[in-house]
Amino acid sequence: MWHFVRVDWGMFRTDIEPPITKRSPKTLILHGDKRTDDYYWLNERDNPEVKAHLETENAYLETILEPTKNLQEQLYQTMLSHIQETDMQVPVQHGPYFYYVRTEEGKQYSIHCRKKASTRDELEGAAEEIILDVNTLAKDKAFLSISVMKASPDHTKLAYLQNEDGSDRYTLYVKDLTTGNLLAERIENVCIGGSLEWANNDYLFYVTVDEKQRPHKLYRHALGETNDTVIYEEADEAFFVHISKSDSNAFLFLNLGSMDTSEVHFLSNQNPLQNWKLFAARNKGVKYSLEHHDKNFLITTNENAINFKLLTTPVDNIEREHWQEILPHRENVFLQAVYVFEGHWLLIGREKGLTQLWVYDVKTATPHALKFPEPVYTTYVYTNLEFSTDKALIGYESMVTPPSVLELDLNTQETTVIKRKSVPNYNPDDYSSERLWATANDGTRVPISILYKKGLAKPAPLLLYGYGSYGASIDPGFNSNRLALLDNGVAYAIAHPRGGAEMGRKWYEAGKLLHKKNTFTDFIACAEHLIKEGFTISEKLAVMGVSAGGLLMGAITTMRPDLFKAVIAKVPFVDVVTTMLDNSLPLVKVEYDEWGNPNLESFYHYMKSYSPYDNVKATAYPHVLATAGFNDPRVSYFEPAKWVAKLRECKTNSNVILLRTNLEAGHGGSSGRYNQLREIALEYAFILGALEVES
């Protein structure tokens, strides 16, 4: 086991002058309000001075953190010591094969394989077939991402998406699994996910992105042909296009959706040349999705049901008068998705701030809630590719329990552990997790999930993580990398502020648009509660958030800079107003339903009142580390670059403000698993240095 040692460098080097970034100011005027932006020039992506500046920032960061090099290596080795480097995921049955992913020690990327077997018991003696070795594809490449992978219905071909720059533009390839050779297909600009389905063995449907990287067109492709057919093009810039297949494999679904509205078209999977049929036209504020079972469609919708309800209608009579309610709306239960098997439906949702699974028996029309052993946990539906089965794979984990794949008997609701992720040098009995509740300014109770090593001396150094946007929930799951902090007396906590969906759809609605500040004040309330309960103090409190969670980090830094000692804002959305006024940037109009349209005066003033970049002022700030991806289509690199520059200009203390830009990647950072660990080691070293942790 690795342990940290006391080093003599104190914290960081502070004798180095930071890069100079100020240029001629740009004046921006809207709604009678005048803003001056001294760093607007950093928006000029094609200006060679911009890239040179980002390289200088990277060099500055390396110099400031140079005293932590040994610590970074220790952290890296500690995290590596908790990883089973040669490992295999649970094989998933799909027709005559079981498909799985494995890793090998020393290799950055996954190896995708399959074995021909009728049952799980036959796998051990079956011959392995490697269908895609990503390490081979990534050779001599600085970045490689494989997104969607789909085997053809007859299992003779593999379609997959590949990207080499970190953007959301992927290239579609098709591999002949009988020969191992690639077919002639090279289709560019396919979107990252929800973008690829086989109709039969000869036709593929795929979705491409426009110049702003918005998924906007559905195509039909016949193998070997070059003139693909445009099936649908979405003109509304607030909507995305995605494709999916029913669990029964009987239908294809063309899913059109904005942040708050959806529309679905469907097509028989056996008749790819026929015309698609509209199920129900879009209606502002109404979301719905489809599944298929027997002679019926299942409809999950929020129409007059904020937490969603489940309806059904005959495939041949989809008009609204034929819709029948199966599961009514419930105030305390958020229904999120339905997975369909021949005799059962598996429902996933949220109750009391935690994930929950229900097995719905079609014959008895009765849902049964599954029981789990820990008070704070996460459960989910694992990959299932067989329809006619009484067994389903589900996932379970907690902040203490490593990810586990369970086989669920759909008839009896009994579960059997198929595999629990191996974590070397780890004993779960040494750690505790619990659920705490903070009280927000308006009296709302906000959940906190906390993890620490037993015997923790309080008040302790603590890392508090948060997100709180898009209705995305940050559930209390396991991450072996945290052991590098926990074993040295640092506690880890997750705040669950409004803007996520931990407490249901209303929780999300209460943290968006003109209620967005609830996300920030909820997070601050969580931090104050942890201090009040004696877990930590401000001088030992670090915080972290990613993307929209980076906005959260920026907002709390400007609202309460006194409350935190260190802030890590990864690819942070911090220049909210300027970005949302620039329709030339990717996805801006899509985001109006989340943040608001600043061209409207009420939204402009509200957004400006919390936008981190617009609210930097002369004061003492915490230590700050911001990250960016030069090819990031979701949060442009210039947002953290400008924010860091302005913080440095205005801060009145000697704390360090750092920027690290990955010049070869996008929103998710490095692609190789060892490279990702190096990035985390740097972040953890920054935290430990800022909090002056010693052991």
# chains A, B, ... in the order shown; residues from 1 in each chain; ligands from 1
$ residues_around --residues "Tyr382 of chain A" --least-positions-apart "4" --cutoff "10 Å" --atoms "only C-alpha atoms" --output "list in words"
Val90, Val92, Ala392, Leu393, Ile394, Gly395, Tyr396, Ser404, Val405, Leu406 and Glu407 of chain A
$ write_last_selection --atoms "C-alpha atoms" --output "mmCIF file, in the first residue's frame"
data_model
loop_
_atom_site.group_PDB
_atom_site.id
_atom_site.type_symbol
_atom_site.label_atom_id
_atom_site.label_comp_id
_atom_site.auth_asym_id
_atom_site.auth_seq_id
_atom_site.Cartn_x
_atom_site.Cartn_y
_atom_site.Cartn_z
ATOM 1 C CA VAL A 90 -19.577 -10.042 -17.652
ATOM 2 C CA VAL A 92 -23.809 -10.819 -22.404
ATOM 3 C CA ALA A 392 -31.996 -10.273 -16.663
ATOM 4 C CA LEU A 393 -28.685 -8.701 -15.715
ATOM 5 C CA ILE A 394 -28.756 -5.721 -13.363
ATOM 6 C CA GLY A 395 -26.014 -3.653 -11.745
ATOM 7 C CA TYR A 396 -25.526 -2.753 -8.097
ATOM 8 C CA SER A 404 -21.523 -5.887 -9.156
ATOM 9 C CA VAL A 405 -23.457 -7.602 -11.933
ATOM 10 C CA LEU A 406 -26.410 -9.617 -10.649
ATOM 11 C CA GLU A 407 -28.541 -12.122 -12.504
#
$ residues_around --residues "Lys517 of chain A" --least-positions-apart "4" --cutoff "12 Å" --atoms "only C-alpha atoms" --output "VMD selection string"
chain A and resid 440 to 442 468 to 469 497 to 499 509 to 513 521 to 524 551 to 552 555 to 556 559 595 606 to 612
$ closest_residue --among "A:Gln108, A:Thr179, A:Ser248, A:Thr401" --to "Trp345 of chain A" --atoms "only C-alpha atoms"
A:Ser248
$ residues_around --residues "Glu374 of chain A" --least-positions-apart "3" --cutoff "10 Å" --atoms "only C-alpha atoms" --output "JSON list (two decimals) with N, CA and C atoms, in the first residue's frame"
[["chain", "number", "residue", "atom", "x", "y", "z"],
["A", 371, "LYS", "N", -35.32, -5.28, -3.39],
["A", 371, "LYS", "CA", -34.73, -4.83, -2.13],
["A", 371, "LYS", "C", -33.21, -4.91, -2.21],
["A", 377, "TYR", "N", -27.06, 3.50, -2.02],
["A", 377, "TYR", "CA", -26.58, 2.61, -3.08],
["A", 377, "TYR", "C", -27.02, 3.14, -4.44],
["A", 378, "THR", "N", -26.59, 2.45, -5.48],
["A", 378, "THR", "CA", -27.03, 2.73, -6.84],
["A", 378, "THR", "C", -27.32, 1.41, -7.54],
["A", 397, "GLU", "N", -24.11, -1.18, -6.91],
["A", 397, "GLU", "CA", -22.88, -0.71, -6.27],
["A", 397, "GLU", "C", -23.24, 0.34, -5.24],
["A", 398, "SER", "N", -22.29, 0.66, -4.40],
["A", 398, "SER", "CA", -22.44, 1.77, -3.47],
["A", 398, "SER", "C", -21.09, 2.47, -3.39],
["A", 400, "VAL", "N", -19.15, 2.14, -1.08],
["A", 400, "VAL", "CA", -18.29, 1.17, -0.41],
["A", 400, "VAL", "C", -18.18, -0.13, -1.20],
["A", 401, "THR", "N", -19.27, -0.55, -1.84],
["A", 401, "THR", "CA", -19.33, -1.84, -2.56],
["A", 401, "THR", "C", -18.97, -1.66, -4.02],
["A", 433, "SER", "N", -20.17, 4.76, 4.50],
["A", 433, "SER", "CA", -20.90, 5.76, 3.72],
["A", 433, "SER", "C", -22.24, 5.99, 4.39],
["A", 434, "GLU", "N", -22.74, 7.19, 4.26],
["A", 434, "GLU", "CA", -24.03, 7.52, 4.85],
["A", 434, "GLU", "C", -24.69, 8.64, 4.07]]
$ residues_around --residues "Leu659 of chain A" --least-positions-apart "2" --cutoff "6 Å" --atoms "only C-alpha atoms" --output "CSV table (one decimal) with C-alpha atoms, in the first residue's frame"
chain,number,residue,atom,x,y,z
A,625,LEU,CA,-7.5,24.5,-11.2
A,626,ALA,CA,-9.5,24.6,-14.4
A,627,THR,CA,-9.3,22.2,-17.3
$ closest_residue --among "A:Gln74, A:Asn296, A:Ser24, A:Thr36" --to "Leu682 of chain A" --atoms "only C-alpha atoms"
A:Gln74
$ select_by_dssp --residues "segment 113-289 of chain A" --states "strand (DSSP E)" --output "ChimeraX atom specification"
/A:113-116,128-133,145-151,157-163,170-176,187-190,196-198,203-209,215-222,229-233,240-245,251-257,262-268,277-280,288-289
$ write_last_selection --atoms "C-alpha atoms" --output "short mmCIF file (atom, residue, chain, number, x, y, z; two decimals), in the first residue's frame"
data_model
loop_
_atom_site.label_atom_id
_atom_site.label_comp_id
_atom_site.auth_asym_id
_atom_site.auth_seq_id
_atom_site.Cartn_x
_atom_site.Cartn_y
_atom_site.Cartn_z
CA CYS A 113 -14.51 -10.28 -27.85
CA ARG A 114 -17.14 -12.97 -28.17
CA LYS A 115 -17.56 -16.71 -27.63
CA LYS A 116 -20.03 -19.03 -29.27
CA GLU A 128 -12.49 -16.68 -27.89
CA GLU A 129 -12.86 -14.51 -30.97
CA ILE A 130 -11.44 -10.98 -30.82
CA ILE A 131 -13.78 -8.81 -32.86
CA LEU A 132 -12.13 -5.43 -32.19
CA ASP A 133 -8.87 -4.65 -30.42
CA SER A 145 -12.52 6.88 -29.01
CA ILE A 146 -14.77 4.01 -30.05
CA SER A 147 -18.39 4.94 -29.46
CA VAL A 148 -21.22 2.72 -30.69
CA MET A 149 -20.65 -0.95 -31.58
CA LYS A 150 -23.41 -3.06 -33.13
CA ALA A 151 -23.25 -6.63 -34.45
CA LYS A 157 -20.59 -8.01 -39.42
CA LEU A 158 -19.71 -5.36 -36.85
CA ALA A 159 -20.57 -1.69 -37.29
CA TYR A 160 -18.71 0.76 -35.06
CA LEU A 161 -17.92 4.46 -34.69
CA GLN A 162 -14.39 5.87 -34.35
CA ASN A 163 -13.08 9.34 -33.47
CA TYR A 170 -17.34 10.00 -35.61
CA THR A 171 -16.59 7.84 -38.65
CA LEU A 172 -18.70 4.73 -39.27
CA TYR A 173 -16.84 1.54 -40.22
CA VAL A 174 -18.17 -1.97 -40.91
CA LYS A 175 -16.01 -5.01 -40.25
CA ASP A 176 -16.60 -8.44 -41.81
CA ILE A 187 -19.23 7.34 -43.42
CA GLU A 188 -18.20 10.63 -41.82
CA ASN A 189 -19.88 12.98 -39.32
CA VAL A 190 -21.90 10.34 -37.49
CA LEU A 196 -26.57 3.55 -35.30
CA GLU A 197 -28.89 0.56 -35.76
CA TRP A 198 -29.10 -2.43 -38.07
CA TYR A 203 -29.24 -2.11 -44.10
CA LEU A 204 -27.96 0.33 -41.52
CA PHE A 205 -29.63 3.46 -40.23
CA TYR A 206 -27.33 6.20 -38.91
CA VAL A 207 -27.51 9.82 -37.69
CA THR A 208 -25.14 12.59 -38.75
CA VAL A 209 -24.28 15.93 -37.15
CA PRO A 215 -27.46 15.31 -34.53
CA HIS A 216 -29.87 16.36 -37.30
CA LYS A 217 -30.23 13.80 -40.13
CA LEU A 218 -31.24 10.14 -40.27
CA TYR A 219 -29.92 8.13 -43.24
CA ARG A 220 -30.57 4.63 -44.55
CA HIS A 221 -27.48 2.86 -45.88
CA ALA A 222 -27.40 -0.32 -47.97
CA THR A 229 -31.14 7.86 -48.51
CA VAL A 230 -32.04 10.77 -46.23
CA ILE A 231 -34.97 9.56 -44.13
CA TYR A 232 -35.44 12.62 -41.95
CA GLU A 233 -33.85 16.03 -41.40
CA PHE A 240 -31.69 16.29 -31.62
CA VAL A 241 -32.20 13.23 -33.81
CA HIS A 242 -31.50 9.74 -32.42
CA ILE A 243 -32.27 6.20 -33.50
CA SER A 244 -33.02 3.17 -31.32
CA LYS A 245 -34.48 -0.31 -31.57
CA PHE A 251 -39.39 -1.91 -34.37
CA LEU A 252 -36.98 0.94 -35.03
CA PHE A 253 -37.67 4.29 -33.36
CA LEU A 254 -36.69 7.69 -34.72
CA ASN A 255 -36.49 9.83 -31.58
CA LEU A 256 -36.65 13.62 -31.90
CA GLY A 257 -36.12 15.59 -28.73
CA SER A 262 -40.14 14.85 -27.79
CA GLU A 263 -41.59 13.15 -30.86
CA VAL A 264 -41.22 9.54 -32.06
CA HIS A 265 -41.59 7.91 -35.48
CA PHE A 266 -41.51 4.12 -35.90
CA LEU A 267 -40.79 1.50 -38.55
CA SER A 268 -41.03 -2.28 -38.69
CA LYS A 277 -44.90 6.51 -39.27
CA LEU A 278 -45.41 9.32 -36.76
CA PHE A 279 -46.65 8.11 -33.37
CA ALA A 280 -47.66 11.43 -31.76
CA TYR A 288 -42.57 10.63 -24.23
CA SER A 289 -40.72 7.49 -25.34
#
$ select_by_dssp --residues "segment 399-605 of chain A" --states "helix (DSSP H, G or I)" --output "JSON, numbers by chain"
{"A": [428, 429, 430, 480, 481, 482, 483, 484, 485, 486, 505, 506, 507, 508, 509, 513, 514, 515, 517, 518, 519, 520, 521, 522, 523, 524, 525, 526, 527, 528, 529, 530, 531, 532, 538, 539, 540, 548, 549, 550, 551, 552, 553, 554, 555, 556, 557, 558, 559, 576, 577, 578, 579, 580, 589, 590, 591, 592, 593, 594, 595, 601, 602, 603, 604, 605]}
$ residues_around --residues "Asp260 of chain A" --least-positions-apart "6" --cutoff "12 Å" --atoms "only C-alpha atoms" --output "list of chain:residue names"
A:Ala238, A:Phe239, A:Phe240, A:Arg282, A:Asn283, A:Lys284, A:Gly285, A:Val286, A:Lys287, A:Tyr288, A:Thr301, A:Asn302, A:Glu303, A:Ile306, A:Tyr470, A:Gly471, A:Arg505, A:Tyr508, A:Glu509, A:Lys512, A:Val590, A:Glu591, A:Tyr592, A:Asp593, A:Glu594
$ residues_around --residues "Val693 of chain A" --least-positions-apart "4" --cutoff "10 Å" --atoms "only C-alpha atoms" --output "PyMOL selection string"
chain A and resi 4-6+11+460-461+485+488-490+540+685+687-689
$ closest_atom_pairs --of "segment 262-310 of chain A" --to "segment 316-336 of chain A" --cutoff "8 Å" --atoms "only C-alpha atoms" --output "JSON lines"
{"residue": "A:Phe279", "atom": "CA", "partner": "A:Ile318", "partner_atom": "CA", "distance": 6.7}
{"residue": "A:Ala305", "atom": "CA", "partner": "A:His329", "partner_atom": "CA", "distance": 5.5}
{"residue": "A:Ile306", "atom": "CA", "partner": "A:His329", "partner_atom": "CA", "distance": 7.8}
{"residue": "A:Asn307", "atom": "CA", "partner": "A:Phe334", "partner_atom": "CA", "distance": 4.6}
{"residue": "A:Phe308", "atom": "CA", "partner": "A:Leu335", "partner_atom": "CA", "distance": 5.6}
{"residue": "A:Lys309", "atom": "CA", "partner": "A:His329", "partner_atom": "CA", "distance": 4.7}
{"residue": "A:Leu310", "atom": "CA", "partner": "A:Leu327", "partner_atom": "CA", "distance": 4.9}
$ residues_around --residues "Glu601 of chain A" --least-positions-apart "4" --cutoff "9 Å" --atoms "only C-alpha atoms" --output "list in words"
Leu30, His31, Asn597, His605 and Tyr606 of chain A
$ atom_distance --atom1 "atom CA of Ser81 of chain A" --atom2 "atom CA of Gly668 of chain A"
23.5 Å
